Amino acid sequence: MARFIEHTITILPVLLEGLGVTLRLTLISALIGTVLGLLAALARISRNPLLTVPASAYVTVFRGTPLLLQLLFIYNALPQLGLLLPAFPSAVVAFSLNAGAYIAEIFRAAIQSIDRGQMEAARSLGMSYGLAMRRVILPQTYRRLLPPMVNELAALTKDTSLASSISILELMKYSTQFISRTALVWQTFVWTAVLYLVVTVALTTLASWLEKKMEARG
Amino acid sequence: MMRKSSSFLLVILLLAVTVLAACGGTQQSGGSQTDGGSGTQQPAAGQTQEPAGGEDQTPANSLERIKAEGALRVGIDASYPPMEFVDEDGKTPIGFDVDMASAIAEKLGVKAEFTIIDWSGIQASLLAGHYDAIMSSMTITEGRQNEMDFVQYLTMGIAYASRPGVDVRTDSDLEGKVVVVQEETTAQYYIEDLMANAGIQPRELRSFPYATDAFRELANGRADVVAIDAPVAGYYAQLDPELYRVTGAAEMEPDPIGIALRKGETELREAIQQAVDELKAEGVLRELQVKWFGDAAGQ
């Protein structure tokens with residue numbers, strides 16, 4: 001027990017630092033991924049093949065290949081094609097593009113779940129397509145977006161552990177390095193799990209609070 | 001409608017604030033890393049070390065570039081004690097290879113900068129140009145020599161570490177045992193070769209990403225013996241003597257261990273070769289062997 005407490009005191013500050021890297025990767029990628037996802041979703045449901053074809057190709061490629069492959073491709077294969085990105089930007093690009101592909105489908109499903117009549121009514125009032133989308137359709141999707149977005153963000157938080165394969169020291173990597181040094185496995189993994197849970201539980205709490213708030217406002 | 005828009009805005013704002021706060025943290029932690037002078041390369045520091053398009057403006061050769069930058073960038077997988085692992089602080093790279101890399105860098109008149117990376121990606125990242133050399137207990141094999149140039153600096157044998165009640169002393173004792181190895185290591189290739197060519201049949205051969213995983217298999221009683229580089233077996237045996245003991249060794253010539261470089265970087269290879277020769281002649285290599293593995297390398 002004394003050894004466990006001593007071990008905890010040694011590792012917690014470093015694991016927290018790793019959690020900081022994990023959070024930074026997750027939040028930056030989530031933000032870029034959300035913008036990408038919204039754009040890709042709007043492009044996909046448009047009638048213009050110049051928009052739908054690239055958007056569908058993007059979603060197909062990044063949802064259809066392993067994230068680890070995308071990460072290693074950007075970090076290790078792009079330099080052979082003349083683009084050498086450092087580790088952190090490589091990770092942000094990979095995680096954003098990957099999350100964006102999933103988020104695009106979340107947005108598309110939410111938008112298409114809104115009754116077609118809403119768009120027709122808005123257009124018949126003289127609103128342009130863009131204005132109707134912004135003022136009428138999208139605001140109605142927020143509540144439907146929340147649960148799948150929380151899923152996606154929780155998954156992204158945990159997926160960032162793959163970044164150690166491109167030399168980023170994040171929570172999971174610090175954890176395995178401590179285990180390599182000390183062979184104290186459960187004593188290390190317990191705290192790693194707790195830290196991941198803190199993030200995902202905070203996320204779900206925020207989401208259910210928002211959900212209630214939107215419900216109250218009707 | 002306005003109300004809904006405002007709560008959506010709230011989410012975006014919250015996200016933005018958190019990201020900004022997190023980014024502020026980046027600069028701080030990046031700064032303290034550099035101040036520490038530990039040589040740990042953090043992602044934030046990495047951004048400044050790899051100028052965009054640096055490949056185009058490279059000086060005549062990589063040796064000159066390294067001297068101009070004042071840093072020899074070295075890739076290690078810091079999960080292989082006592083060869084390369086992290087200090088008590090969980091971050092600073094230490095170990096035989098780390099000391100050796102620093103000594104070589106000193107001979108070149110620069111300092112060593114370490115990038116910690118998973119073993120599975122260590123070669124691809126060298127070839128991609130993220131660092132200049134791999135010094136991570138890499139065995140010189142024919143396959144790897146097709147991809148990279150090597151400067152040999154050490155030899156290592158493979159040891160057998162058994163759980164209590166099992167006593168694997170020689171290759172033939174592996175017969176009928178559950179054997180674990182770290183994946184893509186010479187120990188794995190050696191056992192596979194024994195199975196294919198020497199008629200020795202372990203009950204099962206399993207491989208894991210990390211050396212610790214292999215030793216956990218012994219501790220959990222799911223395996224009988226770990227085959228791994230001798231210094232590493234020695235490290236874990238002294239860490240938990242009641243769980244695993246070094247009981248024997250592979251009947252083989254010790255493997256040559258080398259510093260891996262991109263092919264064709266002749267000036268760098270010659271400079272490192274000369275540094276290694278000097279360190280050998282001066283007895284530094286010997287001192288480091290005694291310091292880190294009490295001379296268990298078998299050289």
# chains A, B, ... in the order shown; residues from 1 in each chain; ligands from 1
>>> closest_atom_pairs(of="chain A", to="chain B", cutoff="7 Å", atoms="only C-alpha atoms", output="JSON lines")
{"residue": "A:Val14", "atom": "CA", "partner": "B:Gly90", "partner_atom": "CA", "distance": 6.5}
{"residue": "A:Arg24", "atom": "CA", "partner": "B:Ala22", "partner_atom": "CA", "distance": 5.6}
{"residue": "A:Leu27", "atom": "CA", "partner": "B:Val19", "partner_atom": "CA", "distance": 5.9}
{"residue": "A:Ile28", "atom": "CA", "partner": "B:Val19", "partner_atom": "CA", "distance": 6.3}
{"residue": "A:Asn76", "atom": "CA", "partner": "B:Ala128", "partner_atom": "CA", "distance": 5.3}
{"residue": "A:Pro79", "atom": "CA", "partner": "B:Ala128", "partner_atom": "CA", "distance": 5.5}
{"residue": "A:Gln80", "atom": "CA", "partner": "B:Ala128", "partner_atom": "CA", "distance": 6.4}
{"residue": "A:Leu84", "atom": "CA", "partner": "B:Ala52", "partner_atom": "CA", "distance": 6.9}
{"residue": "A:Pro86", "atom": "CA", "partner": "B:Gln47", "partner_atom": "CA", "distance": 5.7}
{"residue": "A:Ala87", "atom": "CA", "partner": "B:Pro43", "partner_atom": "CA", "distance": 6.2}
{"residue": "A:Phe88", "atom": "CA", "partner": "B:Pro43", "partner_atom": "CA", "distance": 5.5}
{"residue": "A:Pro139", "atom": "CA", "partner": "B:Ser5", "partner_atom": "CA", "distance": 6.1}
{"residue": "A:Ser164", "atom": "CA", "partner": "B:Ile117", "partner_atom": "CA", "distance": 6.3}
{"residue": "A:Ser165", "atom": "CA", "partner": "B:Asp118", "partner_atom": "CA", "distance": 5.0}
{"residue": "A:Ile166", "atom": "CA", "partner": "B:Ile117", "partner_atom": "CA", "distance": 6.1}
{"residue": "A:Ser167", "atom": "CA", "partner": "B:Ile117", "partner_atom": "CA", "distance": 4.1}
{"residue": "A:Ile168", "atom": "CA", "partner": "B:Pro43", "partner_atom": "CA", "distance": 5.9}
{"residue": "A:Tyr174", "atom": "CA", "partner": "B:Gly90", "partner_atom": "CA", "distance": 6.7}
{"residue": "A:Gln177", "atom": "CA", "partner": "B:Ser79", "partner_atom": "CA", "distance": 5.6}
{"residue": "A:Phe178", "atom": "CA", "partner": "B:Gly90", "partner_atom": "CA", "distance": 6.1}
{"residue": "A:Ile179", "atom": "CA", "partner": "B:Thr212", "partner_atom": "CA", "distance": 7.0}
{"residue": "A:Ser180", "atom": "CA", "partner": "B:Ser79", "partner_atom": "CA", "distance": 5.2}
{"residue": "A:Arg181", "atom": "CA", "partner": "B:Pro81", "partner_atom": "CA", "distance": 6.6}
{"residue": "A:Ala183", "atom": "CA", "partner": "B:Thr212", "partner_atom": "CA", "distance": 6.3}
{"residue": "A:Met214", "atom": "CA", "partner": "B:Lys4", "partner_atom": "CA", "distance": 6.9}
>>> residues_around(residues="A:Thr26", least_positions_apart="5", cutoff="10 Å", atoms="only C-alpha atoms", output="list in words")
Gly20, Val21, Leu31, Gly33, Ala91, Val92, Phe95, Ser96, Ala99, Leu153, Ala154, Ala155, Leu156, Thr157, Lys158, Asp159 and Thr160 of chain A; Val19 of chain B
>>> residues_around(residues="B:Gly258", least_positions_apart="3", cutoff="12 Å", atoms="only C-alpha atoms", output="PDB file with N, CA, C and O atoms, in the first residue's frame")
ATOM      1  N   ASP B  97      21.660   3.608 -24.073  1.00  0.00           N
ATOM      2  CA  ASP B  97      21.672   4.234 -25.400  1.00  0.00           C
ATOM      3  C   ASP B  97      21.611   5.759 -25.315  1.00  0.00           C
ATOM      4  O   ASP B  97      22.164   6.461 -26.158  1.00  0.00           O
ATOM      5  N   MET B 100      25.031   6.895 -24.415  1.00  0.00           N
ATOM      6  CA  MET B 100      25.900   6.660 -25.572  1.00  0.00           C
ATOM      7  C   MET B 100      25.620   7.700 -26.661  1.00  0.00           C
ATOM      8  O   MET B 100      26.555   8.258 -27.246  1.00  0.00           O
ATOM      9  N   ALA B 101      24.358   7.973 -26.911  1.00  0.00           N
ATOM     10  CA  ALA B 101      23.995   8.968 -27.930  1.00  0.00           C
ATOM     11  C   ALA B 101      24.526  10.347 -27.537  1.00  0.00           C
ATOM     12  O   ALA B 101      25.041  11.088 -28.381  1.00  0.00           O
ATOM     13  N   ALA B 133      18.913   9.768 -36.467  1.00  0.00           N
ATOM     14  CA  ALA B 133      19.454   8.456 -36.133  1.00  0.00           C
ATOM     15  C   ALA B 133      18.517   7.732 -35.187  1.00  0.00           C
ATOM     16  O   ALA B 133      17.774   8.356 -34.429  1.00  0.00           O
ATOM     17  N   ILE B 134      18.532   6.402 -35.252  1.00  0.00           N
ATOM     18  CA  ILE B 134      17.837   5.588 -34.253  1.00  0.00           C
ATOM     19  C   ILE B 134      18.901   4.970 -33.363  1.00  0.00           C
ATOM     20  O   ILE B 134      19.846   4.358 -33.866  1.00  0.00           O
ATOM     21  N   MET B 135      18.777   5.194 -32.044  1.00  0.00           N
ATOM     22  CA  MET B 135      19.664   4.487 -31.108  1.00  0.00           C
ATOM     23  C   MET B 135      18.791   3.851 -30.062  1.00  0.00           C
ATOM     24  O   MET B 135      18.565   4.396 -28.997  1.00  0.00           O
ATOM     25  N   SER B 136      18.256   2.694 -30.396  1.00  0.00           N
ATOM     26  CA  SER B 136      17.230   2.101 -29.553  1.00  0.00           C
ATOM     27  C   SER B 136      17.383   0.584 -29.539  1.00  0.00           C
ATOM     28  O   SER B 136      16.434  -0.139 -29.810  1.00  0.00           O
ATOM     29  N   SER B 137      18.620   0.125 -29.240  1.00  0.00           N
ATOM     30  CA  SER B 137      18.906  -1.321 -29.173  1.00  0.00           C
ATOM     31  C   SER B 137      18.506  -2.033 -30.449  1.00  0.00           C
ATOM     32  O   SER B 137      17.987  -3.137 -30.401  1.00  0.00           O
ATOM     33  N   MET B 138      18.706  -1.403 -31.590  1.00  0.00           N
ATOM     34  CA  MET B 138      18.266  -2.026 -32.835  1.00  0.00           C
ATOM     35  C   MET B 138      19.300  -3.023 -33.347  1.00  0.00           C
ATOM     36  O   MET B 138      20.458  -2.666 -33.570  1.00  0.00           O
ATOM     37  N   THR B 139      18.871  -4.277 -33.504  1.00  0.00           N
ATOM     38  CA  THR B 139      19.752  -5.306 -34.039  1.00  0.00           C
ATOM     39  C   THR B 139      19.959  -5.075 -35.532  1.00  0.00           C
ATOM     40  O   THR B 139      19.024  -4.737 -36.255  1.00  0.00           O
ATOM     41  N   ILE B 140      21.222  -5.232 -35.964  1.00  0.00           N
ATOM     42  CA  ILE B 140      21.518  -5.079 -37.384  1.00  0.00           C
ATOM     43  C   ILE B 140      21.131  -6.373 -38.089  1.00  0.00           C
ATOM     44  O   ILE B 140      21.731  -7.421 -37.851  1.00  0.00           O
ATOM     45  N   THR B 141      20.103  -6.325 -38.902  1.00  0.00           N
ATOM     46  CA  THR B 141      19.690  -7.504 -39.663  1.00  0.00           C
ATOM     47  C   THR B 141      19.827  -7.204 -41.156  1.00  0.00           C
ATOM     48  O   THR B 141      19.902  -6.041 -41.553  1.00  0.00           O
ATOM     49  N   ARG B 144      16.955  -5.021 -42.426  1.00  0.00           N
ATOM     50  CA  ARG B 144      17.066  -3.605 -42.067  1.00  0.00           C
ATOM     51  C   ARG B 144      18.202  -2.929 -42.835  1.00  0.00           C
ATOM     52  O   ARG B 144      18.138  -1.731 -43.119  1.00  0.00           O
ATOM     53  N   GLN B 145      19.258  -3.701 -43.168  1.00  0.00           N
ATOM     54  CA  GLN B 145      20.375  -3.102 -43.905  1.00  0.00           C
ATOM     55  C   GLN B 145      19.983  -2.717 -45.324  1.00  0.00           C
ATOM     56  O   GLN B 145      20.647  -1.888 -45.940  1.00  0.00           O
ATOM     57  N   MET B 148      18.410   0.821 -44.284  1.00  0.00           N
ATOM     58  CA  MET B 148      19.145   1.834 -43.522  1.00  0.00           C
ATOM     59  C   MET B 148      20.631   1.465 -43.477  1.00  0.00           C
ATOM     60  O   MET B 148      21.000   0.317 -43.693  1.00  0.00           O
ATOM     61  N   ASP B 149      21.470   2.450 -43.153  1.00  0.00           N
ATOM     62  CA  ASP B 149      22.887   2.202 -42.872  1.00  0.00           C
ATOM     63  C   ASP B 149      23.066   2.068 -41.364  1.00  0.00           C
ATOM     64  O   ASP B 149      22.350   2.700 -40.592  1.00  0.00           O
ATOM     65  N   PHE B 150      24.038   1.250 -40.962  1.00  0.00           N
ATOM     66  CA  PHE B 150      24.247   1.030 -39.536  1.00  0.00           C
ATOM     67  C   PHE B 150      25.686   1.297 -39.117  1.00  0.00           C
ATOM     68  O   PHE B 150      26.612   1.048 -39.891  1.00  0.00           O
ATOM     69  N   VAL B 151      25.855   1.786 -37.880  1.00  0.00           N
ATOM     70  CA  VAL B 151      27.161   1.817 -37.232  1.00  0.00           C
ATOM     71  C   VAL B 151      27.031   0.935 -35.995  1.00  0.00           C
ATOM     72  O   VAL B 151      26.256   1.243 -35.085  1.00  0.00           O
ATOM     73  N   GLN B 152      27.767  -0.179 -35.983  1.00  0.00           N
ATOM     74  CA  GLN B 152      27.648  -1.087 -34.843  1.00  0.00           C
ATOM     75  C   GLN B 152      28.392  -0.530 -33.630  1.00  0.00           C
ATOM     76  O   GLN B 152      29.476   0.031 -33.758  1.00  0.00           O
ATOM     77  N   TYR B 153      27.787  -0.671 -32.428  1.00  0.00           N
ATOM     78  CA  TYR B 153      28.453  -0.174 -31.222  1.00  0.00           C
ATOM     79  C   TYR B 153      28.371  -1.152 -30.069  1.00  0.00           C
ATOM     80  O   TYR B 153      28.901  -0.894 -28.992  1.00  0.00           O
ATOM     81  N   LEU B 154      27.676  -2.278 -30.276  1.00  0.00           N
ATOM     82  CA  LEU B 154      27.435  -3.180 -29.143  1.00  0.00           C
ATOM     83  C   LEU B 154      27.008  -4.543 -29.673  1.00  0.00           C
ATOM     84  O   LEU B 154      26.610  -4.657 -30.832  1.00  0.00           O
ATOM     85  N   THR B 155      27.136  -5.564 -28.835  1.00  0.00           N
ATOM     86  CA  THR B 155      26.471  -6.825 -29.154  1.00  0.00           C
ATOM     87  C   THR B 155      25.628  -7.224 -27.949  1.00  0.00           C
ATOM     88  O   THR B 155      25.964  -6.885 -26.811  1.00  0.00           O
ATOM     89  N   MET B 156      24.541  -7.908 -28.214  1.00  0.00           N
ATOM     90  CA  MET B 156      23.681  -8.365 -27.125  1.00  0.00           C
ATOM     91  C   MET B 156      23.192  -9.781 -27.398  1.00  0.00           C
ATOM     92  O   MET B 156      22.830 -10.112 -28.520  1.00  0.00           O
ATOM     93  N   ASP B 255      23.963 -10.764 -30.862  1.00  0.00           N
ATOM     94  CA  ASP B 255      23.570  -9.990 -32.031  1.00  0.00           C
ATOM     95  C   ASP B 255      24.306  -8.651 -32.095  1.00  0.00           C
ATOM     96  O   ASP B 255      24.486  -8.006 -31.073  1.00  0.00           O
ATOM     97  N   LEU B 261      20.911   4.814 -39.574  1.00  0.00           N
ATOM     98  CA  LEU B 261      20.897   6.108 -40.267  1.00  0.00           C
ATOM     99  C   LEU B 261      20.228   5.924 -41.619  1.00  0.00           C
ATOM    100  O   LEU B 261      20.153   4.816 -42.143  1.00  0.00           O
ATOM    101  N   ARG B 269      27.628   9.027 -41.301  1.00  0.00           N
ATOM    102  CA  ARG B 269      27.962   7.669 -40.866  1.00  0.00           C
ATOM    103  C   ARG B 269      29.431   7.587 -40.457  1.00  0.00           C
ATOM    104  O   ARG B 269      29.776   7.023 -39.418  1.00  0.00           O
ATOM    105  N   ILE B 272      30.036   9.351 -37.129  1.00  0.00           N
ATOM    106  CA  ILE B 272      29.533   8.585 -35.985  1.00  0.00           C
ATOM    107  C   ILE B 272      30.403   7.353 -35.743  1.00  0.00           C
ATOM    108  O   ILE B 272      30.725   7.001 -34.605  1.00  0.00           O
ATOM    109  N   GLN B 273      30.829   6.719 -36.857  1.00  0.00           N
ATOM    110  CA  GLN B 273      31.731   5.566 -36.733  1.00  0.00           C
ATOM    111  C   GLN B 273      32.999   5.966 -35.978  1.00  0.00           C
ATOM    112  O   GLN B 273      33.450   5.266 -35.062  1.00  0.00           O
ATOM    113  N   VAL B 276      32.269   6.489 -32.311  1.00  0.00           N
ATOM    114  CA  VAL B 276      32.112   5.202 -31.610  1.00  0.00           C
ATOM    115  C   VAL B 276      33.482   4.567 -31.377  1.00  0.00           C
ATOM    116  O   VAL B 276      33.776   4.073 -30.271  1.00  0.00           O
TER     117      VAL B 276
END
>>> residues_around(residues="B:Phe208", least_positions_apart="3", cutoff="7 Å", atoms="only C-alpha atoms", output="CSV table (one decimal) with all heavy atoms, in the first residue's frame")
chain,number,residue,atom,x,y,z
B,181,VAL,N,7.5,-13.1,-26.3
B,181,VAL,CA,8.5,-12.2,-26.8
B,181,VAL,C,7.9,-10.8,-27.1
B,181,VAL,O,6.7,-10.7,-27.1
B,181,VAL,CB,9.2,-12.7,-28.1
B,181,VAL,CG1,9.9,-14.0,-27.9
B,181,VAL,CG2,8.1,-12.9,-29.2
B,182,GLN,N,8.8,-9.8,-27.3
B,182,GLN,CA,8.3,-8.5,-27.7
B,182,GLN,C,8.2,-8.6,-29.2
B,182,GLN,O,9.1,-9.1,-29.9
B,182,GLN,CB,9.3,-7.4,-27.3
B,182,GLN,CG,8.7,-6.0,-27.4
B,182,GLN,CD,9.7,-5.0,-27.0
B,182,GLN,OE1,10.8,-5.2,-26.6
B,182,GLN,NE2,9.2,-3.7,-27.0
B,183,GLU,N,7.2,-8.0,-29.8
B,183,GLU,CA,7.0,-8.3,-31.2
B,183,GLU,C,8.0,-7.6,-32.1
B,183,GLU,O,8.5,-6.5,-31.7
B,183,GLU,CB,5.6,-7.9,-31.7
B,183,GLU,CG,5.2,-6.4,-31.5
B,183,GLU,CD,3.7,-6.2,-31.6
B,183,GLU,OE1,2.9,-7.1,-31.4
B,183,GLU,OE2,3.4,-5.0,-31.8
B,213,ASP,N,4.7,-6.0,-21.1
B,213,ASP,CA,3.6,-6.9,-21.4
B,213,ASP,C,4.0,-8.4,-21.3
B,213,ASP,O,3.4,-9.3,-20.8
B,213,ASP,CB,3.0,-6.7,-22.8
B,213,ASP,CG,2.5,-5.3,-22.9
B,213,ASP,OD1,2.1,-4.7,-21.9
B,213,ASP,OD2,2.5,-4.8,-24.0
B,214,ALA,N,5.2,-8.6,-21.9
B,214,ALA,CA,5.7,-10.0,-21.9
B,214,ALA,C,6.0,-10.5,-20.5
B,214,ALA,O,5.6,-11.6,-20.1
B,214,ALA,CB,7.0,-10.0,-22.8
>>> select_by_dssp(residues="stretch 98-216 of chain B", states="strand (DSSP E)", output="compact mmCIF listing (two decimals) with N, CA, C and O atoms, in the first residue's frame")
# COMPACT_ATOMS: atom_id res chain seq x y z
N LYS B 111 24.67 18.68 -29.25
CA LYS B 111 24.00 17.93 -28.18
C LYS B 111 22.94 17.00 -28.78
O LYS B 111 22.45 17.25 -29.88
N ALA B 112 22.65 15.94 -28.03
CA ALA B 112 21.65 14.98 -28.51
C ALA B 112 20.26 15.43 -28.11
O ALA B 112 20.06 15.90 -27.00
N GLU B 113 19.31 15.31 -29.05
CA GLU B 113 17.91 15.60 -28.76
C GLU B 113 17.09 14.36 -29.05
O GLU B 113 17.18 13.80 -30.14
N PHE B 114 16.30 13.94 -28.07
CA PHE B 114 15.62 12.66 -28.20
C PHE B 114 14.15 12.83 -28.56
O PHE B 114 13.45 13.67 -28.03
N THR B 115 13.70 12.01 -29.49
CA THR B 115 12.29 11.90 -29.80
C THR B 115 11.83 10.52 -29.34
O THR B 115 12.38 9.51 -29.79
N ILE B 116 10.87 10.49 -28.44
CA ILE B 116 10.35 9.22 -27.95
C ILE B 116 9.22 8.78 -28.85
O ILE B 116 8.27 9.53 -29.08
N ALA B 133 18.91 9.77 -36.47
CA ALA B 133 19.45 8.46 -36.13
C ALA B 133 18.52 7.73 -35.19
O ALA B 133 17.77 8.36 -34.43
N ILE B 134 18.53 6.40 -35.25
CA ILE B 134 17.84 5.59 -34.25
C ILE B 134 18.90 4.97 -33.36
O ILE B 134 19.85 4.36 -33.87
N MET B 135 18.78 5.19 -32.04
CA MET B 135 19.66 4.49 -31.11
C MET B 135 18.79 3.85 -30.06
O MET B 135 18.56 4.40 -29.00
N SER B 136 18.26 2.69 -30.40
CA SER B 136 17.23 2.10 -29.55
C SER B 136 17.38 0.58 -29.54
O SER B 136 16.43 -0.14 -29.81
N SER B 137 18.62 0.12 -29.24
CA SER B 137 18.91 -1.32 -29.17
C SER B 137 18.51 -2.03 -30.45
O SER B 137 17.99 -3.14 -30.40
N MET B 138 18.71 -1.40 -31.59
CA MET B 138 18.27 -2.03 -32.83
C MET B 138 19.30 -3.02 -33.35
O MET B 138 20.46 -2.67 -33.57
N THR B 139 18.87 -4.28 -33.50
CA THR B 139 19.75 -5.31 -34.04
C THR B 139 19.96 -5.07 -35.53
O THR B 139 19.02 -4.74 -36.26
N MET B 148 18.41 0.82 -44.28
CA MET B 148 19.15 1.83 -43.52
C MET B 148 20.63 1.46 -43.48
O MET B 148 21.00 0.32 -43.69
N ASP B 149 21.47 2.45 -43.15
CA ASP B 149 22.89 2.20 -42.87
C ASP B 149 23.07 2.07 -41.36
O ASP B 149 22.35 2.70 -40.59
N PHE B 150 24.04 1.25 -40.96
CA PHE B 150 24.25 1.03 -39.54
C PHE B 150 25.69 1.30 -39.12
O PHE B 150 26.61 1.05 -39.89
N VAL B 151 25.85 1.79 -37.88
CA VAL B 151 27.16 1.82 -37.23
C VAL B 151 27.03 0.93 -36.00
O VAL B 151 26.26 1.24 -35.09
N GLN B 152 27.77 -0.18 -35.98
CA GLN B 152 27.65 -1.09 -34.84
C GLN B 152 28.39 -0.53 -33.63
O GLN B 152 29.48 0.03 -33.76
N TYR B 153 27.79 -0.67 -32.43
CA TYR B 153 28.45 -0.17 -31.22
C TYR B 153 28.37 -1.15 -30.07
O TYR B 153 28.90 -0.89 -28.99
N LEU B 154 27.68 -2.28 -30.28
CA LEU B 154 27.43 -3.18 -29.14
C LEU B 154 27.01 -4.54 -29.67
O LEU B 154 26.61 -4.66 -30.83
N THR B 155 27.14 -5.56 -28.84
CA THR B 155 26.47 -6.83 -29.15
C THR B 155 25.63 -7.22 -27.95
O THR B 155 25.96 -6.89 -26.81
N MET B 156 24.54 -7.91 -28.21
CA MET B 156 23.68 -8.36 -27.12
C MET B 156 23.19 -9.78 -27.40
O MET B 156 22.83 -10.11 -28.52
N ILE B 158 20.50 -13.04 -26.23
CA ILE B 158 19.12 -13.18 -25.76
C ILE B 158 19.12 -14.05 -24.51
O ILE B 158 19.77 -15.10 -24.48
N ALA B 159 18.41 -13.59 -23.48
CA ALA B 159 18.33 -14.36 -22.24
C ALA B 159 16.94 -14.96 -22.10
O ALA B 159 15.98 -14.48 -22.71
N TYR B 160 16.85 -16.06 -21.32
CA TYR B 160 15.56 -16.65 -20.99
C TYR B 160 15.24 -16.32 -19.54
O TYR B 160 16.03 -16.63 -18.64
N ALA B 161 14.10 -15.68 -19.31
CA ALA B 161 13.65 -15.42 -17.94
C ALA B 161 12.41 -16.27 -17.70
O ALA B 161 11.46 -16.22 -18.48
N SER B 162 12.45 -17.08 -16.63
CA SER B 162 11.35 -18.01 -16.38
C SER B 162 10.57 -17.60 -15.14
O SER B 162 11.09 -16.91 -14.27
N VAL B 178 5.15 -22.27 -22.94
CA VAL B 178 4.51 -21.08 -23.51
C VAL B 178 5.55 -19.95 -23.47
O VAL B 178 6.00 -19.54 -22.39
N VAL B 179 5.97 -19.51 -24.65
CA VAL B 179 7.06 -18.55 -24.76
C VAL B 179 6.49 -17.20 -25.19
O VAL B 179 5.67 -17.13 -26.11
N VAL B 180 6.92 -16.12 -24.53
CA VAL B 180 6.49 -14.79 -24.96
C VAL B 180 7.70 -13.95 -25.35
O VAL B 180 8.79 -14.08 -24.78
N VAL B 181 7.49 -13.08 -26.33
CA VAL B 181 8.55 -12.18 -26.82
C VAL B 181 7.92 -10.82 -27.08
O VAL B 181 6.69 -10.68 -27.11
N GLN B 182 8.78 -9.82 -27.25
CA GLN B 182 8.30 -8.52 -27.71
C GLN B 182 8.23 -8.59 -29.22
O GLN B 182 9.13 -9.12 -29.87
N GLU B 204 3.44 -22.71 -27.37
CA GLU B 204 2.85 -21.53 -27.98
C GLU B 204 3.91 -20.42 -27.99
O GLU B 204 4.72 -20.33 -27.07
N LEU B 205 3.90 -19.59 -29.05
CA LEU B 205 4.78 -18.42 -29.08
C LEU B 205 3.88 -17.20 -29.25
O LEU B 205 3.13 -17.11 -30.21
N ARG B 206 3.95 -16.29 -28.28
CA ARG B 206 3.10 -15.11 -28.37
C ARG B 206 3.94 -13.85 -28.28
O ARG B 206 4.98 -13.84 -27.62
N SER B 207 3.49 -12.79 -28.96
CA SER B 207 4.29 -11.57 -28.95
C SER B 207 3.44 -10.38 -28.53
O SER B 207 2.23 -10.36 -28.73
N PHE B 208 4.09 -9.40 -27.91
CA PHE B 208 3.41 -8.22 -27.35
C PHE B 208 4.18 -6.96 -27.75
O PHE B 208 5.38 -7.01 -28.00
>>> atom_distance(atom1="atom CA of A:Asn98", atom2="atom CA of A:Pro54")
15.2 Å
>>> atom_distance(atom1="atom CA of A:Gln112", atom2="atom CA of A:Val201")
29.4 Å
>>> residues_around(residues="B:Asp99", least_positions_apart="2", cutoff="10 Å", atoms="only C-alpha atoms", output="number ranges by chain")
B: 83-84, 93-97, 101-105, 112, 284-285, 288, 292
>>> atom_distance(atom1="atom CA of A:Arg63", atom2="atom CA of A:Tyr102")
6.6 Å
